[in-house]
Amino acid sequence: MRLEVERLSTGYGRVPVVRDVGFTIEPGRLTAILGHNGAGKTTLLRAIVGVLPAREGSIRFSGTEVSRLRPHLRVRRGLAYVPQGQQAFGQLTAAENLRLVADYYGAAGRRRVADALDLFPALRELLARPAGLLSGGQRQQLAIARALVTDPELLVLDEPTEGIQPSVVTEIQEAIATLTRARELSVLLVEQHVGFAVAAADEFLVLTSGRLSHRGPGGPGAAAEAHRVLAL
Ligand SMILES: Nc1ncnc2c1ncn2[C@@H]1O[C@H](COP(=O)(O)OP(=O)(O)OP(=O)(O)O)[C@@H](O)[C@H]1O
């Protein structure tokens with residue numbers, strides 16, 4: 001889908017956090033949002049997915065205004081959100097975590113679970129294990145796999161590699177790159193791993209104190225520019 005964010009402002013209580021932010025993601029493109037701690041990246045994502053109301057501005061999914069829709073209605077329009085922190089139902093097995101979503105979609109859901117496991121083959125060996133006993137990296141893969149079972153058109157990922165050991169970070173990075181190549185999935189990615197995020201992205205945006213302070217094309221050669229901008 002095409003995501004269009006226009007003049008978006010939001011915050012908590014009376015405190016403004018995100019101010020006058022606008023950008024577009026074309027179908028099948030990946031946009032990375034960079035910025036220092038506290039810049040408002042998570043807050044921006046929360047407004048786009050609808051867990052935090054927009055104060056001003058508009059959010060459109062393929063031309064339809066969604067900024068007043070509750071989160072589950074945005075999900076119905078093709079959004080999937082993987083929040084920070086490798087979230088899963090810890091008492092349920094990895095398989096049950098996937099089935100919880102897949103059952104809703106019947107046979108299509110089962111096919112999508114198989115596809116998601118092709119993307120994260122390491123999870124196949126772990127399906128019987130309670131999610132609470134998986135490593136952070138494995139749980140993050142499970143969280144992304146579960147989001148993919150909904151067959152999203154827009155995937156919003158908040159720091160998917162945060163606190164995860166480097167070998168698993170590489171697996172997650174490769175999966176994200178594969179996803180964006182393979183289908184018309186638009187991805188909005190907040191990342192601390194600037195090098196990876198910018199290399200994988202079609203465009204990167206820098207948020208500074210809640211405002212967009214820089215935007216540039218992504219790609220393998222763009223990381224130096226992103227690092228330079230962030231060091232300013
Ligand atoms: N629930 C909340 N209530 C009040 N203020 C909040 C809340 N959550 C975040 N903030 C504040 O909003 C600002 C932006 O936070 P946010 O989490 O969006 O930043 P971030 O760029 O995602 O940071 P990080 O990289 O550390 O995750 C910060 O000043 C933070 O303290």
# chains A, B, ... in the order shown; residues from 1 in each chain; ligands from 1
$ residues_around --residues "stretch 198-203 of chain A" --least-positions-apart "6" --cutoff "7 Å" --atoms "only C-alpha atoms" --output "list in words"
Arg29, Leu30, Thr31, Ala32, Ala177, Gly216, Pro217, Gly218, Gly219, Pro220, Ala222 and Ala223 of chain A
$ write_last_selection --atoms "N, CA and C atoms" --output "mmCIF file, in the first residue's frame"
data_model
loop_
_atom_site.group_PDB
_atom_site.id
_atom_site.type_symbol
_atom_site.label_atom_id
_atom_site.label_comp_id
_atom_site.auth_asym_id
_atom_site.auth_seq_id
_atom_site.Cartn_x
_atom_site.Cartn_y
_atom_site.Cartn_z
ATOM 1 N N ARG A 29 8.120 -0.299 -0.922
ATOM 2 C CA ARG A 29 9.335 0.434 -0.548
ATOM 3 C C ARG A 29 9.579 0.353 0.948
ATOM 4 N N LEU A 30 10.837 0.576 1.311
ATOM 5 C CA LEU A 30 11.198 0.574 2.727
ATOM 6 C C LEU A 30 11.728 1.941 3.119
ATOM 7 N N THR A 31 11.133 2.506 4.147
ATOM 8 C CA THR A 31 11.621 3.774 4.697
ATOM 9 C C THR A 31 12.135 3.528 6.107
ATOM 10 N N ALA A 32 13.354 3.992 6.369
ATOM 11 C CA ALA A 32 13.945 3.854 7.701
ATOM 12 C C ALA A 32 13.861 5.185 8.412
ATOM 13 N N ALA A 177 15.209 -7.726 4.232
ATOM 14 C CA ALA A 177 15.607 -7.433 2.852
ATOM 15 C C ALA A 177 14.856 -8.345 1.881
ATOM 16 N N GLY A 216 16.972 11.409 2.946
ATOM 17 C CA GLY A 216 17.906 11.103 1.864
ATOM 18 C C GLY A 216 17.615 9.735 1.290
ATOM 19 N N PRO A 217 18.149 9.475 0.097
ATOM 20 C CA PRO A 217 17.953 8.159 -0.500
ATOM 21 C C PRO A 217 18.757 7.108 0.262
ATOM 22 N N GLY A 218 18.195 5.890 0.370
ATOM 23 C CA GLY A 218 18.917 4.804 1.015
ATOM 24 C C GLY A 218 19.803 4.089 0.017
ATOM 25 N N GLY A 219 20.220 2.868 0.413
ATOM 26 C CA GLY A 219 21.079 2.073 -0.455
ATOM 27 C C GLY A 219 22.434 1.875 0.194
ATOM 28 N N PRO A 220 23.201 0.927 -0.366
ATOM 29 C CA PRO A 220 24.462 0.533 0.258
ATOM 30 C C PRO A 220 25.436 1.689 0.461
ATOM 31 N N ALA A 222 24.745 4.815 1.197
ATOM 32 C CA ALA A 222 24.178 5.985 1.874
ATOM 33 C C ALA A 222 24.459 6.041 3.370
ATOM 34 N N ALA A 223 25.058 4.966 3.915
ATOM 35 C CA ALA A 223 25.231 4.915 5.373
ATOM 36 C C ALA A 223 26.131 6.046 5.871
#
$ closest_atom_pairs --of "chain A" --to "ligand 1" --cutoff "9 Å" --atoms "only C-alpha atoms and all ligand atoms" --output "JSON lines"
{"residue": "A:Gly11", "atom": "CA", "partner": "ligand 1", "partner_atom_place_in_ligand_line": "12 (O)", "distance": 7.0}
{"residue": "A:Tyr12", "atom": "CA", "partner": "ligand 1", "partner_atom_place_in_ligand_line": "4 (C)", "distance": 4.9}
{"residue": "A:Gly13", "atom": "CA", "partner": "ligand 1", "partner_atom_place_in_ligand_line": "4 (C)", "distance": 7.2}
{"residue": "A:Val15", "atom": "CA", "partner": "ligand 1", "partner_atom_place_in_ligand_line": "5 (N)", "distance": 7.4}
{"residue": "A:Pro16", "atom": "CA", "partner": "ligand 1", "partner_atom_place_in_ligand_line": "12 (O)", "distance": 8.2}
{"residue": "A:Val17", "atom": "CA", "partner": "ligand 1", "partner_atom_place_in_ligand_line": "12 (O)", "distance": 5.6}
{"residue": "A:Val18", "atom": "CA", "partner": "ligand 1", "partner_atom_place_in_ligand_line": "14 (C)", "distance": 7.9}
{"residue": "A:Leu34", "atom": "CA", "partner": "ligand 1", "partner_atom_place_in_ligand_line": "21 (O)", "distance": 8.0}
{"residue": "A:Gly35", "atom": "CA", "partner": "ligand 1", "partner_atom_place_in_ligand_line": "21 (O)", "distance": 6.1}
{"residue": "A:His36", "atom": "CA", "partner": "ligand 1", "partner_atom_place_in_ligand_line": "25 (O)", "distance": 5.7}
{"residue": "A:Asn37", "atom": "CA", "partner": "ligand 1", "partner_atom_place_in_ligand_line": "26 (O)", "distance": 3.5}
{"residue": "A:Gly38", "atom": "CA", "partner": "ligand 1", "partner_atom_place_in_ligand_line": "19 (O)", "distance": 3.4}
{"residue": "A:Ala39", "atom": "CA", "partner": "ligand 1", "partner_atom_place_in_ligand_line": "21 (O)", "distance": 3.8}
{"residue": "A:Gly40", "atom": "CA", "partner": "ligand 1", "partner_atom_place_in_ligand_line": "18 (O)", "distance": 3.2}
{"residue": "A:Lys41", "atom": "CA", "partner": "ligand 1", "partner_atom_place_in_ligand_line": "21 (O)", "distance": 3.8}
{"residue": "A:Thr42", "atom": "CA", "partner": "ligand 1", "partner_atom_place_in_ligand_line": "22 (O)", "distance": 3.7}
{"residue": "A:Thr43", "atom": "CA", "partner": "ligand 1", "partner_atom_place_in_ligand_line": "18 (O)", "distance": 3.7}
{"residue": "A:Leu44", "atom": "CA", "partner": "ligand 1", "partner_atom_place_in_ligand_line": "18 (O)", "distance": 6.5}
{"residue": "A:Leu45", "atom": "CA", "partner": "ligand 1", "partner_atom_place_in_ligand_line": "18 (O)", "distance": 8.1}
{"residue": "A:Arg46", "atom": "CA", "partner": "ligand 1", "partner_atom_place_in_ligand_line": "18 (O)", "distance": 8.3}
{"residue": "A:Gln84", "atom": "CA", "partner": "ligand 1", "partner_atom_place_in_ligand_line": "27 (O)", "distance": 8.3}
{"residue": "A:Asp158", "atom": "CA", "partner": "ligand 1", "partner_atom_place_in_ligand_line": "22 (O)", "distance": 8.2}
{"residue": "A:Glu159", "atom": "CA", "partner": "ligand 1", "partner_atom_place_in_ligand_line": "27 (O)", "distance": 7.9}
{"residue": "A:Val190", "atom": "CA", "partner": "ligand 1", "partner_atom_place_in_ligand_line": "22 (O)", "distance": 8.0}
{"residue": "A:Glu191", "atom": "CA", "partner": "ligand 1", "partner_atom_place_in_ligand_line": "25 (O)", "distance": 8.2}
{"residue": "A:Gln192", "atom": "CA", "partner": "ligand 1", "partner_atom_place_in_ligand_line": "25 (O)", "distance": 7.3}
{"residue": "A:Leu207", "atom": "CA", "partner": "ligand 1", "partner_atom_place_in_ligand_line": "21 (O)", "distance": 7.7}
{"residue": "A:Thr208", "atom": "CA", "partner": "ligand 1", "partner_atom_place_in_ligand_line": "21 (O)", "distance": 8.5}
{"residue": "A:Ser209", "atom": "CA", "partner": "ligand 1", "partner_atom_place_in_ligand_line": "14 (C)", "distance": 8.0}
{"residue": "A:Gly210", "atom": "CA", "partner": "ligand 1", "partner_atom_place_in_ligand_line": "14 (C)", "distance": 7.5}
$ write_last_selection --atoms "C-alpha atoms" --output "PDB file, in the first residue's frame"
ATOM      1  CA  GLY A  11       2.277  13.654  21.985  1.00  0.00           C
ATOM      2  CA  TYR A  12       1.381  12.601  25.493  1.00  0.00           C
ATOM      3  CA  GLY A  13      -0.954  14.755  27.557  1.00  0.00           C
ATOM      4  CA  VAL A  15       3.515  17.585  25.795  1.00  0.00           C
ATOM      5  CA  PRO A  16       4.028  17.693  22.017  1.00  0.00           C
ATOM      6  CA  VAL A  17       6.467  15.012  20.865  1.00  0.00           C
ATOM      7  CA  VAL A  18       5.998  14.584  17.107  1.00  0.00           C
ATOM      8  CA  LEU A  34      16.612   7.293  12.361  1.00  0.00           C
ATOM      9  CA  GLY A  35      17.177   9.600  15.284  1.00  0.00           C
ATOM     10  CA  HIS A  36      18.687   9.814  18.713  1.00  0.00           C
ATOM     11  CA  ASN A  37      17.083   8.417  21.869  1.00  0.00           C
ATOM     12  CA  GLY A  38      13.939  10.314  22.720  1.00  0.00           C
ATOM     13  CA  ALA A  39      13.608  11.939  19.282  1.00  0.00           C
ATOM     14  CA  GLY A  40      10.068  10.621  18.958  1.00  0.00           C
ATOM     15  CA  LYS A  41      10.497   7.631  16.637  1.00  0.00           C
ATOM     16  CA  THR A  42       8.371   5.209  18.653  1.00  0.00           C
ATOM     17  CA  THR A  43       5.786   7.932  19.250  1.00  0.00           C
ATOM     18  CA  LEU A  44       5.510   8.517  15.492  1.00  0.00           C
ATOM     19  CA  LEU A  45       4.980   4.795  14.882  1.00  0.00           C
ATOM     20  CA  ARG A  46       2.376   4.645  17.647  1.00  0.00           C
ATOM     21  CA  GLN A  84       9.759  -2.901  20.511  1.00  0.00           C
ATOM     22  CA  ASP A 158      10.138  -0.774  15.891  1.00  0.00           C
ATOM     23  CA  GLU A 159      13.819  -1.565  16.520  1.00  0.00           C
ATOM     24  CA  VAL A 190      12.850   2.311  13.131  1.00  0.00           C
ATOM     25  CA  GLU A 191      16.414   1.140  13.743  1.00  0.00           C
ATOM     26  CA  GLN A 192      19.494   1.876  15.806  1.00  0.00           C
ATOM     27  CA  LEU A 207      13.819  12.770  13.337  1.00  0.00           C
ATOM     28  CA  THR A 208      15.246  15.442  15.636  1.00  0.00           C
ATOM     29  CA  SER A 209      13.186  16.605  18.623  1.00  0.00           C
ATOM     30  CA  GLY A 210      10.027  15.347  16.939  1.00  0.00           C
TER      31      GLY A 210
END
$ select_by_dssp --residues "stretch 75-122 of chain A" --states "helix (DSSP H, G or I)" --output "MDAnalysis selection string"
chainID A and resid 75:76 94:119 121:122
$ write_last_selection --atoms "N, CA and C atoms" --output "PDB file, in the first residue's frame"
ATOM      1  N   VAL A  75      -5.505  -2.424  11.106  1.00  0.00           N
ATOM      2  CA  VAL A  75      -4.973  -3.769  10.819  1.00  0.00           C
ATOM      3  C   VAL A  75      -5.798  -4.399   9.702  1.00  0.00           C
ATOM      4  N   ARG A  76      -7.107  -4.229   9.772  1.00  0.00           N
ATOM      5  CA  ARG A  76      -7.976  -4.800   8.745  1.00  0.00           C
ATOM      6  C   ARG A  76      -7.675  -4.210   7.365  1.00  0.00           C
ATOM      7  N   ALA A  94       5.791 -21.499  20.631  1.00  0.00           N
ATOM      8  CA  ALA A  94       5.974 -20.700  19.412  1.00  0.00           C
ATOM      9  C   ALA A  94       4.879 -21.042  18.410  1.00  0.00           C
ATOM     10  N   ALA A  95       4.585 -22.344  18.263  1.00  0.00           N
ATOM     11  CA  ALA A  95       3.538 -22.769  17.316  1.00  0.00           C
ATOM     12  C   ALA A  95       2.195 -22.160  17.697  1.00  0.00           C
ATOM     13  N   GLU A  96       1.888 -22.181  18.992  1.00  0.00           N
ATOM     14  CA  GLU A  96       0.588 -21.635  19.431  1.00  0.00           C
ATOM     15  C   GLU A  96       0.510 -20.129  19.194  1.00  0.00           C
ATOM     16  N   ASN A  97       1.642 -19.441  19.364  1.00  0.00           N
ATOM     17  CA  ASN A  97       1.670 -18.006  19.074  1.00  0.00           C
ATOM     18  C   ASN A  97       1.313 -17.742  17.616  1.00  0.00           C
ATOM     19  N   LEU A  98       1.807 -18.597  16.730  1.00  0.00           N
ATOM     20  CA  LEU A  98       1.512 -18.410  15.306  1.00  0.00           C
ATOM     21  C   LEU A  98       0.070 -18.825  14.998  1.00  0.00           C
ATOM     22  N   ARG A  99      -0.352 -19.927  15.631  1.00  0.00           N
ATOM     23  CA  ARG A  99      -1.692 -20.448  15.348  1.00  0.00           C
ATOM     24  C   ARG A  99      -2.781 -19.483  15.795  1.00  0.00           C
ATOM     25  N   LEU A 100      -2.497 -18.775  16.873  1.00  0.00           N
ATOM     26  CA  LEU A 100      -3.435 -17.794  17.409  1.00  0.00           C
ATOM     27  C   LEU A 100      -3.902 -16.822  16.316  1.00  0.00           C
ATOM     28  N   VAL A 101      -2.973 -16.431  15.470  1.00  0.00           N
ATOM     29  CA  VAL A 101      -3.303 -15.521  14.372  1.00  0.00           C
ATOM     30  C   VAL A 101      -3.776 -16.324  13.162  1.00  0.00           C
ATOM     31  N   ALA A 102      -3.077 -17.418  12.879  1.00  0.00           N
ATOM     32  CA  ALA A 102      -3.340 -18.174  11.644  1.00  0.00           C
ATOM     33  C   ALA A 102      -4.754 -18.730  11.604  1.00  0.00           C
ATOM     34  N   ASP A 103      -5.268 -19.178  12.749  1.00  0.00           N
ATOM     35  CA  ASP A 103      -6.592 -19.812  12.765  1.00  0.00           C
ATOM     36  C   ASP A 103      -7.667 -18.889  12.219  1.00  0.00           C
ATOM     37  N   TYR A 104      -7.476 -17.608  12.443  1.00  0.00           N
ATOM     38  CA  TYR A 104      -8.442 -16.620  11.970  1.00  0.00           C
ATOM     39  C   TYR A 104      -8.561 -16.651  10.439  1.00  0.00           C
ATOM     40  N   TYR A 105      -7.447 -17.032   9.779  1.00  0.00           N
ATOM     41  CA  TYR A 105      -7.415 -16.978   8.309  1.00  0.00           C
ATOM     42  C   TYR A 105      -7.596 -18.355   7.649  1.00  0.00           C
ATOM     43  N   GLY A 106      -7.831 -19.401   8.457  1.00  0.00           N
ATOM     44  CA  GLY A 106      -8.086 -20.732   7.894  1.00  0.00           C
ATOM     45  C   GLY A 106      -6.908 -21.265   7.113  1.00  0.00           C
ATOM     46  N   ALA A 107      -7.197 -21.878   5.942  1.00  0.00           N
ATOM     47  CA  ALA A 107      -6.143 -22.521   5.151  1.00  0.00           C
ATOM     48  C   ALA A 107      -5.081 -21.513   4.715  1.00  0.00           C
ATOM     49  N   ALA A 108      -5.532 -20.293   4.399  1.00  0.00           N
ATOM     50  CA  ALA A 108      -4.564 -19.257   3.984  1.00  0.00           C
ATOM     51  C   ALA A 108      -3.595 -18.969   5.125  1.00  0.00           C
ATOM     52  N   GLY A 109      -4.114 -18.959   6.361  1.00  0.00           N
ATOM     53  CA  GLY A 109      -3.279 -18.715   7.532  1.00  0.00           C
ATOM     54  C   GLY A 109      -2.204 -19.788   7.670  1.00  0.00           C
ATOM     55  N   ARG A 110      -2.612 -21.056   7.459  1.00  0.00           N
ATOM     56  CA  ARG A 110      -1.632 -22.151   7.586  1.00  0.00           C
ATOM     57  C   ARG A 110      -0.538 -22.021   6.520  1.00  0.00           C
ATOM     58  N   ARG A 111      -0.939 -21.626   5.331  1.00  0.00           N
ATOM     59  CA  ARG A 111       0.063 -21.428   4.263  1.00  0.00           C
ATOM     60  C   ARG A 111       1.025 -20.305   4.636  1.00  0.00           C
ATOM     61  N   ARG A 112       0.471 -19.257   5.214  1.00  0.00           N
ATOM     62  CA  ARG A 112       1.335 -18.109   5.566  1.00  0.00           C
ATOM     63  C   ARG A 112       2.291 -18.462   6.707  1.00  0.00           C
ATOM     64  N   VAL A 113       1.848 -19.327   7.623  1.00  0.00           N
ATOM     65  CA  VAL A 113       2.767 -19.773   8.678  1.00  0.00           C
ATOM     66  C   VAL A 113       3.938 -20.501   8.018  1.00  0.00           C
ATOM     67  N   ALA A 114       3.636 -21.370   7.053  1.00  0.00           N
ATOM     68  CA  ALA A 114       4.713 -22.105   6.363  1.00  0.00           C
ATOM     69  C   ALA A 114       5.650 -21.127   5.660  1.00  0.00           C
ATOM     70  N   ASP A 115       5.090 -20.109   5.025  1.00  0.00           N
ATOM     71  CA  ASP A 115       5.933 -19.105   4.336  1.00  0.00           C
ATOM     72  C   ASP A 115       6.808 -18.352   5.334  1.00  0.00           C
ATOM     73  N   ALA A 116       6.203 -17.983   6.488  1.00  0.00           N
ATOM     74  CA  ALA A 116       6.958 -17.226   7.484  1.00  0.00           C
ATOM     75  C   ALA A 116       8.091 -18.083   8.050  1.00  0.00           C
ATOM     76  N   LEU A 117       7.824 -19.396   8.178  1.00  0.00           N
ATOM     77  CA  LEU A 117       8.879 -20.278   8.699  1.00  0.00           C
ATOM     78  C   LEU A 117       9.978 -20.486   7.658  1.00  0.00           C
ATOM     79  N   ASP A 118       9.627 -20.356   6.372  1.00  0.00           N
ATOM     80  CA  ASP A 118      10.677 -20.409   5.341  1.00  0.00           C
ATOM     81  C   ASP A 118      11.607 -19.214   5.494  1.00  0.00           C
ATOM     82  N   LEU A 119      11.037 -18.113   5.918  1.00  0.00           N
ATOM     83  CA  LEU A 119      11.830 -16.891   6.087  1.00  0.00           C
ATOM     84  C   LEU A 119      12.713 -16.978   7.343  1.00  0.00           C
ATOM     85  N   PRO A 121      13.927 -20.040   9.142  1.00  0.00           N
ATOM     86  CA  PRO A 121      13.967 -21.493   9.278  1.00  0.00           C
ATOM     87  C   PRO A 121      14.337 -21.963  10.682  1.00  0.00           C
ATOM     88  N   ALA A 122      15.117 -21.161  11.422  1.00  0.00           N
ATOM     89  CA  ALA A 122      15.533 -21.579  12.769  1.00  0.00           C
ATOM     90  C   ALA A 122      14.317 -21.798  13.676  1.00  0.00           C
TER      91      ALA A 122
END
$ closest_residue --among "A:Leu92, A:Val229, A:Leu155, A:Leu123" --to "A:Val49" --atoms "only C-alpha atoms"
A:Leu155
